[in-house]
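Right, one structure below, let's go through it.
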Amino acid sequence: MRIKFFVSLIIFILISFIQPVSAWDVKTTDELQTRMNEVGFRLLNANRIEQRFTFMAINRVYTRDFWTDVSSVNRIVWVKPVVIPYIDSDDELAAILSHSLAHGVDTYEGVLRGYVSILNYWVAPNKYDAKADKSAVDFMVNADYNPLALITIINKIGKQYRYDIFSNHTLVSRRMMLIYEYIYTKYPHVLVDNEYKDNLYYQNFLLTSRNNRMKLLEKIQTNSQKKIKYTY
């Protein structure tokens with residue numbers, strides 16, 4: 001009887017000291033900065049990116065995106081601390097950093113050592129965002145991050161407008177499908193061994209993209225080379 005009581009007491013004490021571990025434990029700007037350095041330099045090293053970049057968690061008055069940007073002047077990839085509540089894993093942080101790194105690599109090309117290269121984004125943002133999304137997927141896979149996190153973080157943060165006919169930016173629903181198509185065709189193993197199959201935000205993407213994914217499936221089954229016009 002005493003032995004059972006003693007064992008029960010030990011178990012109770014151990015449970016009392018065990019704290020639940022969240023998927024992402026970053027709460028402050030300082031913690032975000034530390035994690036950005038770790039994830040960011042892992043991306044740089046794994047992808048053999050020889051151009052120099054630094055990472056900074058800082059609020060900026062102006063930004064092309066809600067959460068992140070990269071300076072074409074001093075090659076700083078920065079993230080607004082306001083996005084902390086939206087990020088649930090290092091995968092999603094890697095997604096945010098990878099997209100900006102892709103734009104950042106372009107700032108090393110062109111005249112004046114790439115000083116005016118950012119103008120390309122202003123002239124054709126759709127083209128260069130699509131290019132950056134594909135590069136971000138590549139960067140993440142090479143650094144052993146799950147590229148589906150690029151879809152989940154965009155699904156949580158990206159605004160869904162009514163049209164993109166007169167806009168400089170692709171509708172978020174179409175942008176996510178283009179990322180999904182790229183993963184499907186280049187990294188099919190990610191979808192076979194899908195760690196995100198039970199992810200709430202990925203499941204929502206599957207729900208809202210059902211018709212578009214049927215179009216992709218039809219293209220694959222018919223061996224079509226035509227570009228798919230994904231719907232709203």
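Just so we're on the same page: first chain in the structure tokens is A, next is B, and so on; residues restart at 1 for each chain, and ligands are numbered from 1 in the order they show up.
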
Test item, alpha helix (DSSP H) assignment across region 75-226 of chain A, answer as an mmCIF file with C-alpha atoms, in the first residue's frame:
data_model
loop_
_atom_site.group_PDB
_atom_site.id
_atom_site.type_symbol
_atom_site.label_atom_id
_atom_site.label_comp_id
_atom_site.auth_asym_id
_atom_site.auth_seq_id
_atom_site.Cartn_x
_atom_site.Cartn_y
_atom_site.Cartn_z
ATOM 1 C CA ASP A 90 10.374 27.151 -37.647
ATOM 2 C CA ASP A 91 9.066 25.883 -40.989
ATOM 3 C CA GLU A 92 6.790 28.904 -41.289
ATOM 4 C CA LEU A 93 9.537 31.286 -40.228
ATOM 5 C CA ALA A 94 11.784 29.659 -42.834
ATOM 6 C CA ALA A 95 9.042 30.249 -45.415
ATOM 7 C CA ILE A 96 8.924 33.951 -44.614
ATOM 8 C CA LEU A 97 12.705 34.333 -44.659
ATOM 9 C CA SER A 98 13.160 32.228 -47.804
ATOM 10 C CA HIS A 99 10.837 34.392 -49.870
ATOM 11 C CA SER A 100 12.699 37.550 -48.891
ATOM 12 C CA LEU A 101 16.070 35.866 -49.411
ATOM 13 C CA ALA A 102 15.003 35.017 -52.947
ATOM 14 C CA HIS A 103 14.346 38.707 -53.600
ATOM 15 C CA GLY A 104 17.577 39.548 -51.819
ATOM 16 C CA VAL A 105 19.694 37.353 -54.083
ATOM 17 C CA ASP A 106 18.383 39.380 -57.024
ATOM 18 C CA VAL A 111 24.079 47.708 -62.570
ATOM 19 C CA LEU A 112 25.604 49.529 -59.604
ATOM 20 C CA ARG A 113 26.070 46.158 -57.894
ATOM 21 C CA GLY A 114 22.340 45.570 -57.951
ATOM 22 C CA LEU A 119 12.897 48.237 -59.567
ATOM 23 C CA ASN A 120 12.209 44.902 -61.238
ATOM 24 C CA TYR A 121 9.801 44.136 -58.445
ATOM 25 C CA TRP A 122 7.969 47.406 -58.934
ATOM 26 C CA VAL A 123 7.671 46.896 -62.693
ATOM 27 C CA PRO A 125 5.710 42.225 -59.021
ATOM 28 C CA ASN A 126 3.645 39.207 -60.095
ATOM 29 C CA LYS A 127 6.535 37.758 -62.071
ATOM 30 C CA TYR A 128 9.133 38.290 -59.374
ATOM 31 C CA ASP A 129 6.873 37.147 -56.529
ATOM 32 C CA ALA A 130 6.173 33.907 -58.395
ATOM 33 C CA LYS A 131 9.901 33.480 -58.962
ATOM 34 C CA ALA A 132 10.621 34.166 -55.286
ATOM 35 C CA ASP A 133 7.976 31.661 -54.160
ATOM 36 C CA LYS A 134 9.591 28.912 -56.242
ATOM 37 C CA SER A 135 13.040 29.787 -54.954
ATOM 38 C CA ALA A 136 11.662 29.814 -51.407
ATOM 39 C CA VAL A 137 10.393 26.257 -51.860
ATOM 40 C CA ASP A 138 13.821 25.190 -53.134
ATOM 41 C CA PHE A 139 15.598 26.925 -50.255
ATOM 42 C CA MET A 140 13.334 25.266 -47.694
ATOM 43 C CA VAL A 141 13.694 21.762 -49.115
ATOM 44 C CA ASN A 142 17.483 22.081 -49.254
ATOM 45 C CA LEU A 148 4.077 23.339 -47.335
ATOM 46 C CA ALA A 149 4.627 25.870 -44.554
ATOM 47 C CA LEU A 150 4.852 28.520 -47.263
ATOM 48 C CA ILE A 151 1.223 27.751 -48.065
ATOM 49 C CA THR A 152 0.070 27.712 -44.444
ATOM 50 C CA ILE A 153 1.664 31.025 -43.483
ATOM 51 C CA ILE A 154 0.330 32.747 -46.610
ATOM 52 C CA ASN A 155 -3.097 31.266 -45.886
ATOM 53 C CA LYS A 156 -3.039 32.829 -42.419
ATOM 54 C CA ILE A 157 -1.711 36.252 -43.390
ATOM 55 C CA VAL A 172 -3.618 34.748 -52.688
ATOM 56 C CA SER A 173 -5.748 31.743 -53.664
ATOM 57 C CA ARG A 174 -3.965 31.522 -57.022
ATOM 58 C CA ARG A 175 -0.577 32.169 -55.491
ATOM 59 C CA MET A 176 -1.001 29.269 -53.066
ATOM 60 C CA MET A 177 -2.038 26.990 -55.928
ATOM 61 C CA LEU A 178 1.039 27.922 -57.940
ATOM 62 C CA ILE A 179 3.189 27.014 -54.926
ATOM 63 C CA TYR A 180 1.278 23.748 -54.500
ATOM 64 C CA GLU A 181 1.733 22.915 -58.205
ATOM 65 C CA TYR A 182 5.472 23.561 -57.960
ATOM 66 C CA ILE A 183 5.780 21.291 -54.917
ATOM 67 C CA TYR A 184 3.569 18.647 -56.575
ATOM 68 C CA THR A 185 5.708 18.496 -59.709
ATOM 69 C CA LYS A 186 9.213 18.992 -58.292
ATOM 70 C CA PRO A 188 6.157 14.972 -54.839
ATOM 71 C CA HIS A 189 7.654 13.129 -51.852
ATOM 72 C CA VAL A 190 6.628 16.076 -49.659
ATOM 73 C CA LEU A 191 2.980 15.316 -50.413
ATOM 74 C CA VAL A 192 3.423 11.547 -50.096
ATOM 75 C CA LEU A 200 -5.560 23.115 -39.635
ATOM 76 C CA TYR A 201 -4.425 25.756 -42.120
ATOM 77 C CA TYR A 202 -3.287 23.255 -44.726
ATOM 78 C CA GLN A 203 -6.616 21.471 -44.447
ATOM 79 C CA ASN A 204 -8.337 24.810 -45.071
ATOM 80 C CA PHE A 205 -6.211 25.299 -48.179
ATOM 81 C CA LEU A 206 -7.260 21.851 -49.438
ATOM 82 C CA LEU A 207 -10.883 22.803 -48.858
ATOM 83 C CA THR A 208 -10.753 26.144 -50.658
ATOM 84 C CA ARG A 210 -10.548 21.745 -54.372
ATOM 85 C CA ASN A 211 -11.661 22.950 -57.824
ATOM 86 C CA ASN A 212 -8.211 24.261 -58.694
ATOM 87 C CA ARG A 213 -6.551 21.036 -57.629
ATOM 88 C CA MET A 214 -8.939 19.151 -59.913
ATOM 89 C CA LYS A 215 -7.632 21.311 -62.770
ATOM 90 C CA LEU A 216 -4.071 20.392 -61.846
ATOM 91 C CA LEU A 217 -4.961 16.700 -61.720
ATOM 92 C CA GLU A 218 -6.589 16.918 -65.156
ATOM 93 C CA LYS A 219 -3.500 18.615 -66.569
ATOM 94 C CA ILE A 220 -1.280 15.843 -65.226
ATOM 95 C CA GLN A 221 -3.549 13.039 -66.443
#

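Between CA of Asn59 (chain A) and CA of Val82 (chain A) lies a distance of 8.0 Å.
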
*Show which residues sit within 12 Å of Met56 (chain A), as number ranges by chain. Count only C-alpha atoms, and ignore same-chain residues fewer than 2 positions away.*
A: 29-38, 40, 53-54, 58-60, 68-71, 74-81, 97

Written selection (C-alpha atoms) as a short mmCIF file (atom, residue, chain, number, x, y, z; two decimals), in the first residue's frame:
data_model
loop_
_atom_site.label_atom_id
_atom_site.label_comp_id
_atom_site.auth_asym_id
_atom_site.auth_seq_id
_atom_site.Cartn_x
_atom_site.Cartn_y
_atom_site.Cartn_z
CA THR A 29 11.08 40.43 -30.34
CA ASP A 30 14.38 39.29 -28.79
CA GLU A 31 13.33 35.65 -29.10
CA LEU A 32 12.26 36.26 -32.69
CA GLN A 33 15.64 37.80 -33.46
CA THR A 34 17.48 34.78 -32.05
CA ARG A 35 15.32 32.33 -33.99
CA MET A 36 15.64 34.39 -37.19
CA ASN A 37 19.43 34.18 -36.95
CA GLU A 38 19.33 30.41 -36.47
CA GLY A 40 18.20 32.35 -41.59
CA PHE A 53 22.74 38.80 -45.69
CA THR A 54 21.80 39.68 -42.15
CA ILE A 58 12.19 45.38 -36.56
CA ASN A 59 9.07 47.40 -37.26
CA ARG A 60 9.06 49.30 -40.53
CA THR A 68 8.69 40.90 -44.26
CA ASP A 69 10.95 42.63 -46.76
CA VAL A 70 14.58 42.86 -47.82
CA SER A 71 16.67 45.99 -48.24
CA ASN A 74 22.30 46.93 -47.20
CA ARG A 75 20.89 43.41 -47.76
CA ILE A 76 19.05 43.13 -44.47
CA VAL A 77 16.15 40.67 -44.37
CA TRP A 78 13.76 42.01 -41.80
CA VAL A 79 10.56 40.70 -40.25
CA LYS A 80 7.96 42.65 -38.30
CA PRO A 81 7.44 41.32 -34.76
CA LEU A 97 12.70 34.33 -44.66
#

*asked:* Can you measure CA of Glu195 (chain A) to CA of Arg42 (chain A) for me? One decimal in Å is fine.
replied: 20.7 Å
